[in-house]
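Q: Have a look at the structure that comes next, please.
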Amino acid sequence: MACRFPGATTPEEYWHNVVNGVDGVRALTDAELEEWGEDPERAKDPRYVRRHGVVEGIGDFDAEFFGITGRDADLLNPQHRIFLECAWEALERAGYDPRAVPGTTGLFAGAGRNGYASVVRSRPDRFPGVDDLALSLANDPEHLCTRVSYLLGLTGPSVAVMTACSTSLVAVHEASRALLAGECDTALAGGVTLRAPLLGYPHREGGTLSPDGYCRTFSADARGIVGGDGAGIVVLRRLRDAIEDGDHVHAVLRGSAVNNDGRERAGYTAPGVRGQAEVIRRAHIAADVYPRDISYVEAHGTGTPVGDPIEVTALTEAFRDGYAEDETAADGTVGLGSVKTNIGHTDTAAGVASLIKTVLALEERTLPATLHFTAPNPAIDFDATSFSVTTRTRKWETTRLPRRAGVSSFGIGGTNAHVVLEEAPVPAAAPQLAASTAQLLVLSARTPTALD
């Protein structure tokens, strides 16, 4: 895994923030708003919300490391730069040379659209003579994956995915299908969204954006989402290959499913109960698990008064089908949470943000608290469901082993994704070395400066 989320540049930092209840969404300063060209009068509007989940240092990029010229690096959208770095890091963390991964490596991912191309166009002094083709190649989401495949020499499927908020979890689903079909031996999957320019927003009553810049998923005082930046990538392999090659397995992806609501909802941007319930059922079937075997669900959890009740209703319908007659689904034993309360809604990176959080929770056997929860949304009757919001960080106790979890991600436009995860199998014991045995510690880097 590799990631960039508000307040975190590594999975370890990300987990530290999540498990310690850190809210990575912060206020934008006057200097930042001025730097990005915000209208001072607009920023003074009492309805203007200046909170955002910021990924710091998006201009810090080691172009020389990837053989990219300084001018081309400046032209390249920050989303593409960060995603390229994360792709390299994820493969290194998996124990592989990113330019020499054994077998065939595929890449499935998506990026949001930001305003960086407009920023470039507004600076003819810095980018003289830039044509539309060069700008398109450096900014458009369809070039995200193929550029990484070119620079790292990845010869498997290289597919741009775009399903709005569910993009990166759909990418995980597509990557796993490619592995099972034998189209590749290793697959990278993820997504990235970085706002540029970085601005606040005017709150509009009845809209989906929070009036104060806080996301309060499932809470009675939930009034909408707040934006966040993020990038995340996971490395997937067939489990038998990973075990045979001695890979470190963080978790097992047992099964996944993707569908669309079609016309079974109130409007194009509105969520639908039937589609969400069906995609969860199909993921359970693909994973060959019963709902009663799942003890935690990482929800899409936008914190909107309408979306949260619909999501819990869909979960309840999907889970009710898997209980025997002598069992009850209304026991509150399934934990429910959303990382959007920590980092905001990261758009195309939201699904992989939820996935990485849940993988780490399985690995650490800990369920982190969902932030800013005061009382249940009155439109949700949690007492009649098997779910309870994780309001405090606690050990992940369960009588049904191995631990299993579900992860949901739903996109505007109705494309839904759900993944079922299982904790990793116990690895074989490593050979023990005598305390006096000399061991070689090898360091490597592209340049002497980097090595130092």
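Here's how to read the names in the structure tokens: chain A, B, ... by the order shown, residue numbers from 1 in each chain, ligand numbers from 1 in the order shown.
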Please identify all polymer residues within 12 Å of A:Phe66, counting only C-alpha atoms, omitting same-chain residues fewer than 4 positions from it, and present them as an mmCIF file with N, CA and C atoms, in the first residue's frame.

A:
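Done, and the output landed in selection-v7.cif:
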```cif
data_model
loop_
_atom_site.group_PDB
_atom_site.id
_atom_site.type_symbol
_atom_site.label_atom_id
_atom_site.label_comp_id
_atom_site.auth_asym_id
_atom_site.auth_seq_id
_atom_site.Cartn_x
_atom_site.Cartn_y
_atom_site.Cartn_z
ATOM 1 N N PHE A 61 8.134 17.263 -5.832
ATOM 2 C CA PHE A 61 8.203 16.126 -6.749
ATOM 3 C C PHE A 61 9.630 15.956 -7.234
ATOM 4 N N ASP A 62 10.166 14.746 -7.121
ATOM 5 C CA ASP A 62 11.532 14.459 -7.551
ATOM 6 C C ASP A 62 11.513 14.070 -9.028
ATOM 7 N N GLY A 70 12.362 19.401 -15.675
ATOM 8 C CA GLY A 70 11.721 20.329 -14.760
ATOM 9 C C GLY A 70 10.490 20.985 -15.360
ATOM 10 N N ASP A 72 8.558 19.865 -17.830
ATOM 11 C CA ASP A 72 7.484 18.878 -17.980
ATOM 12 C C ASP A 72 6.851 18.540 -16.628
ATOM 13 N N ALA A 73 7.658 18.540 -15.593
ATOM 14 C CA ALA A 73 7.126 18.280 -14.254
ATOM 15 C C ALA A 73 6.196 19.400 -13.813
ATOM 16 N N ARG A 81 1.575 13.472 -10.701
ATOM 17 C CA ARG A 81 2.867 13.357 -10.014
ATOM 18 C C ARG A 81 2.749 12.500 -8.748
ATOM 19 N N LEU A 84 2.083 8.816 -9.464
ATOM 20 C CA LEU A 84 3.287 8.142 -9.922
ATOM 21 C C LEU A 84 4.178 7.774 -8.735
ATOM 22 N N GLU A 85 4.365 8.717 -7.818
ATOM 23 C CA GLU A 85 5.167 8.430 -6.618
ATOM 24 C C GLU A 85 4.551 7.288 -5.812
ATOM 25 N N ALA A 87 2.617 4.869 -6.858
ATOM 26 C CA ALA A 87 2.763 3.597 -7.573
ATOM 27 C C ALA A 87 4.131 2.982 -7.301
ATOM 28 N N TRP A 88 5.170 3.827 -7.379
ATOM 29 C CA TRP A 88 6.532 3.342 -7.091
ATOM 30 C C TRP A 88 6.625 2.851 -5.639
ATOM 31 N N PRO A 98 10.188 -1.714 -8.678
ATOM 32 C CA PRO A 98 9.085 -1.222 -9.507
ATOM 33 C C PRO A 98 9.307 -1.333 -11.006
ATOM 34 N N ARG A 99 10.572 -1.400 -11.445
ATOM 35 C CA ARG A 99 10.831 -1.520 -12.880
ATOM 36 C C ARG A 99 11.160 -2.955 -13.293
ATOM 37 N N ARG A 147 0.650 6.685 -18.364
ATOM 38 C CA ARG A 147 1.941 7.335 -18.101
ATOM 39 C C ARG A 147 2.749 6.519 -17.087
ATOM 40 N N VAL A 148 2.092 6.061 -16.014
ATOM 41 C CA VAL A 148 2.782 5.236 -15.016
ATOM 42 C C VAL A 148 3.277 3.944 -15.653
ATOM 43 N N TYR A 150 4.071 3.428 -18.720
ATOM 44 C CA TYR A 150 5.206 3.757 -19.593
ATOM 45 C C TYR A 150 6.474 3.976 -18.777
ATOM 46 N N LEU A 151 6.394 4.798 -17.727
ATOM 47 C CA LEU A 151 7.597 5.136 -16.954
ATOM 48 C C LEU A 151 8.131 3.949 -16.153
ATOM 49 N N LEU A 152 7.239 3.060 -15.709
ATOM 50 C CA LEU A 152 7.691 1.915 -14.911
ATOM 51 C C LEU A 152 7.796 0.633 -15.730
ATOM 52 N N GLY A 153 7.397 0.681 -16.996
ATOM 53 C CA GLY A 153 7.509 -0.501 -17.842
ATOM 54 C C GLY A 153 6.514 -1.590 -17.494
ATOM 55 N N ARG A 446 18.849 6.317 -6.009
ATOM 56 C CA ARG A 446 19.141 6.708 -7.394
ATOM 57 C C ARG A 446 20.388 7.576 -7.484
ATOM 58 N N THR A 447 20.606 8.456 -6.465
ATOM 59 C CA THR A 447 21.722 9.383 -6.479
ATOM 60 C C THR A 447 22.447 9.358 -5.146
#
```

Q: Please report, as an MDAnalysis selection string, each residue of stretch 132-330 of chain A to which DSSP assigns helix (DSSP H, G or I) when run on this structure's backbone.

A: chainID A and resid 132:139 141:152 164:180 239:244 273:287 291:293 307:320

Q: Show me, as number ranges by chain, the residues that have an atom within 9 Å of stretch 259-263 of chain A when counting only C-alpha atoms, minus same-chain residues fewer than 2 positions from it.

A: A: 257, 265-268, 271-276, 278-279, 413-417

Q: Just to be explicit: take each residue in the selection above, keep C-alpha atoms, and write the result as a CSV table (one decimal), in the first residue's frame.

A:
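That gives us result16.csv:
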```
chain,number,residue,atom,x,y,z
A,257,ALA,CA,-19.1,-6.6,-6.9
A,265,ARG,CA,-33.8,6.0,-7.3
A,266,ALA,CA,-35.2,9.5,-6.9
A,267,GLY,CA,-32.8,11.3,-9.3
A,268,TYR,CA,-29.5,11.0,-11.1
A,271,PRO,CA,-28.6,7.2,-3.9
A,272,GLY,CA,-30.8,4.1,-4.2
A,273,VAL,CA,-31.6,1.4,-1.6
A,274,ARG,CA,-32.1,-1.4,-4.1
A,275,GLY,CA,-28.8,-1.0,-6.0
A,276,GLN,CA,-26.8,-0.6,-2.8
A,278,GLU,CA,-27.9,-5.8,-4.3
A,279,VAL,CA,-24.2,-4.9,-4.8
A,413,GLY,CA,-24.5,8.5,-11.2
A,414,GLY,CA,-25.3,5.3,-9.4
A,415,THR,CA,-22.2,3.0,-9.8
A,416,ASN,CA,-21.9,1.1,-6.6
A,417,ALA,CA,-19.0,-1.0,-5.4
```

Q: What residues in stretch 169-367 of chain A get the DSSP label strand (DSSP E or B)? Please answer as a PyMOL selection string.

A: chain A and resi 186-193+201-202+209+219+225+227-228+230-237+251-260+296-298+334-337+345+366-367

Q: Which residue is closest to A:Asp383? Choose from A:His143, A:Thr333, A:Ser166, A:Arg403 and count only C-alpha atoms.

A: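 Closest candidate: A:Thr333.
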
Q: Taking into account only C-alpha atoms, which residue in the set A:His250, A:Lys44, A:Arg93, A:Arg113 is nearest to A:Arg195?

A: A:Arg113

Q: My list of candidates is A:His248, A:Arg26, A:Val19, A:Pro202. Which is closest to A:Glu41 when distances are computed with only C-alpha atoms?

A: A:Pro202

Q: Point out the residue among A:Gly335, A:Pro102, A:Pro141, A:Gly301 with the least atom-to-atom distance to A:Glu397, counting only C-alpha atoms.

A: A:Gly335

Q: From the options A:Leu315, A:Ala435, A:Leu199, A:Val339, which residue's atoms come nearest to A:Gly37, counting only C-alpha atoms?

A: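 Among the listed residues, the smallest separation from A:Gly37 belongs to A:Leu199.
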
Q: May I ask which of the residues A:Ala222, A:Leu188, A:Leu194, A:Ala251 is the closest one to A:Ala379, counting only C-alpha atoms?

A: A:Ala222

Q: May I have the residues within 7 Å of A:Asp347 as a PyMOL selection string, using only C-alpha atoms and disregarding those fewer than 3 positions away in the same chain?

A: chain A and resi 164-165+193+350

Q: I need the chosen residues saved as an mmCIF file, in the first residue's frame, with all heavy atoms.

A:
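New file result-v2.cif:
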```cif
data_model
loop_
_atom_site.group_PDB
_atom_site.id
_atom_site.type_symbol
_atom_site.label_atom_id
_atom_site.label_comp_id
_atom_site.auth_asym_id
_atom_site.auth_seq_id
_atom_site.Cartn_x
_atom_site.Cartn_y
_atom_site.Cartn_z
ATOM 1 N N ALA A 164 -16.915 8.445 -10.765
ATOM 2 C CA ALA A 164 -17.087 9.475 -9.735
ATOM 3 C C ALA A 164 -16.567 8.948 -8.391
ATOM 4 O O ALA A 164 -15.466 8.401 -8.336
ATOM 5 C CB ALA A 164 -18.543 9.924 -9.660
ATOM 6 N N CYS A 165 -17.352 9.071 -7.324
ATOM 7 C CA CYS A 165 -16.854 8.785 -5.967
ATOM 8 C C CYS A 165 -16.456 7.326 -5.757
ATOM 9 O O CYS A 165 -15.674 7.021 -4.850
ATOM 10 C CB CYS A 165 -17.905 9.169 -4.929
ATOM 11 S SG CYS A 165 -18.796 10.682 -5.283
ATOM 12 N N THR A 193 -7.323 12.327 -6.030
ATOM 13 C CA THR A 193 -7.997 13.603 -6.220
ATOM 14 C C THR A 193 -7.248 14.666 -5.425
ATOM 15 O O THR A 193 -7.055 14.521 -4.213
ATOM 16 C CB THR A 193 -9.462 13.558 -5.743
ATOM 17 O OG1 THR A 193 -10.241 12.799 -6.673
ATOM 18 C CG2 THR A 193 -10.053 14.958 -5.664
ATOM 19 N N ALA A 350 -11.821 8.035 -2.591
ATOM 20 C CA ALA A 350 -12.574 7.699 -1.380
ATOM 21 C C ALA A 350 -12.609 6.199 -1.126
ATOM 22 O O ALA A 350 -12.457 5.743 0.012
ATOM 23 C CB ALA A 350 -13.994 8.258 -1.491
#
```

Q: Name the residues in contact with A:Gly7 at a cut-off of 8 Å, using only C-alpha atoms, excluding same-chain residues fewer than 3 positions from it; report them as a PyMOL selection string.

A: chain A and resi 13-14+17+24+54-56

Q: Using only N, CA, C and O atoms, please write the residues we just selected to a file, as a PDB file, in the first residue's frame.

A:
```
ATOM      1  N   GLU A  13       1.427   6.586   9.044  1.00  0.00           N
ATOM      2  CA  GLU A  13       0.922   7.872   9.531  1.00  0.00           C
ATOM      3  C   GLU A  13      -0.596   7.935   9.421  1.00  0.00           C
ATOM      4  O   GLU A  13      -1.266   8.474  10.316  1.00  0.00           O
ATOM      5  N   TYR A  14      -1.123   7.405   8.342  1.00  0.00           N
ATOM      6  CA  TYR A  14      -2.570   7.381   8.137  1.00  0.00           C
ATOM      7  C   TYR A  14      -3.249   6.602   9.266  1.00  0.00           C
ATOM      8  O   TYR A  14      -4.224   7.068   9.871  1.00  0.00           O
ATOM      9  N   ASN A  17      -3.209   8.465  12.625  1.00  0.00           N
ATOM     10  CA  ASN A  17      -4.213   9.521  12.701  1.00  0.00           C
ATOM     11  C   ASN A  17      -5.616   8.952  12.890  1.00  0.00           C
ATOM     12  O   ASN A  17      -6.411   9.468  13.687  1.00  0.00           O
ATOM     13  N   GLY A  24      -8.123  15.367  10.029  1.00  0.00           N
ATOM     14  CA  GLY A  24      -7.144  15.938   9.110  1.00  0.00           C
ATOM     15  C   GLY A  24      -7.669  17.104   8.305  1.00  0.00           C
ATOM     16  O   GLY A  24      -6.905  17.731   7.561  1.00  0.00           O
ATOM     17  N   VAL A  54      -6.489  18.793   3.355  1.00  0.00           N
ATOM     18  CA  VAL A  54      -5.384  19.182   2.477  1.00  0.00           C
ATOM     19  C   VAL A  54      -4.253  18.150   2.531  1.00  0.00           C
ATOM     20  O   VAL A  54      -3.801  17.761   3.610  1.00  0.00           O
ATOM     21  N   VAL A  55      -3.797  17.721   1.365  1.00  0.00           N
ATOM     22  CA  VAL A  55      -2.551  16.955   1.259  1.00  0.00           C
ATOM     23  C   VAL A  55      -1.428  17.970   1.083  1.00  0.00           C
ATOM     24  O   VAL A  55      -1.390  18.695   0.085  1.00  0.00           O
ATOM     25  N   GLU A  56      -0.543  18.036   2.058  1.00  0.00           N
ATOM     26  CA  GLU A  56       0.508  19.043   2.030  1.00  0.00           C
ATOM     27  C   GLU A  56       1.605  18.672   1.025  1.00  0.00           C
ATOM     28  O   GLU A  56       1.849  17.501   0.730  1.00  0.00           O
TER      29      GLU A  56
END
```

Q: Using only C-alpha atoms, determine which residues lie at most 10 Å from A:Ala428, disregarding the query and same-chain residues fewer than 3 positions distant; provide the list as a ChimeraX atom specification.

A: /A:243,246,425,431

Q: Export, as a PDB file, in the first residue's frame, the selected residues with all heavy atoms.

A:
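The new file again_13.pdb reads:
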```pdb
ATOM      1  N   ILE A 243       1.622 -16.209  -1.227  1.00  0.00           N
ATOM      2  CA  ILE A 243       2.129 -17.103  -0.182  1.00  0.00           C
ATOM      3  C   ILE A 243       3.351 -17.868  -0.689  1.00  0.00           C
ATOM      4  O   ILE A 243       4.364 -17.991   0.010  1.00  0.00           O
ATOM      5  CB  ILE A 243       1.018 -18.069   0.269  1.00  0.00           C
ATOM      6  CG1 ILE A 243      -0.082 -17.288   1.008  1.00  0.00           C
ATOM      7  CG2 ILE A 243       1.587 -19.168   1.152  1.00  0.00           C
ATOM      8  CD1 ILE A 243      -1.285 -18.128   1.374  1.00  0.00           C
ATOM      9  N   GLY A 246       6.415 -15.739  -0.666  1.00  0.00           N
ATOM     10  CA  GLY A 246       6.827 -15.171   0.615  1.00  0.00           C
ATOM     11  C   GLY A 246       6.482 -13.708   0.787  1.00  0.00           C
ATOM     12  O   GLY A 246       7.119 -12.997   1.574  1.00  0.00           O
ATOM     13  N   PRO A 425      -3.894 -14.745   6.427  1.00  0.00           N
ATOM     14  CA  PRO A 425      -3.542 -16.001   7.090  1.00  0.00           C
ATOM     15  C   PRO A 425      -2.257 -15.837   7.885  1.00  0.00           C
ATOM     16  O   PRO A 425      -1.425 -14.978   7.578  1.00  0.00           O
ATOM     17  CB  PRO A 425      -3.372 -16.973   5.918  1.00  0.00           C
ATOM     18  CG  PRO A 425      -3.050 -16.106   4.739  1.00  0.00           C
ATOM     19  CD  PRO A 425      -3.791 -14.823   4.963  1.00  0.00           C
ATOM     20  N   PRO A 431      12.833 -18.392   9.534  1.00  0.00           N
ATOM     21  CA  PRO A 431      13.956 -19.064  10.193  1.00  0.00           C
ATOM     22  C   PRO A 431      14.636 -18.135  11.182  1.00  0.00           C
ATOM     23  O   PRO A 431      14.831 -16.951  10.915  1.00  0.00           O
ATOM     24  CB  PRO A 431      14.885 -19.422   9.021  1.00  0.00           C
ATOM     25  CG  PRO A 431      14.493 -18.485   7.920  1.00  0.00           C
ATOM     26  CD  PRO A 431      13.032 -18.250   8.081  1.00  0.00           C
TER      27      PRO A 431
END
```

Q: Give me, as a list in words, all polymer residues having an atom no more than 7 Å from A:Ala277, counting only C-alpha atoms and skipping those fewer than 5 positions away in the same chain.

A: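 Counting only C-alpha atoms, the residues come to Ala314, Leu315, Glu317 and Ala318 of chain A.
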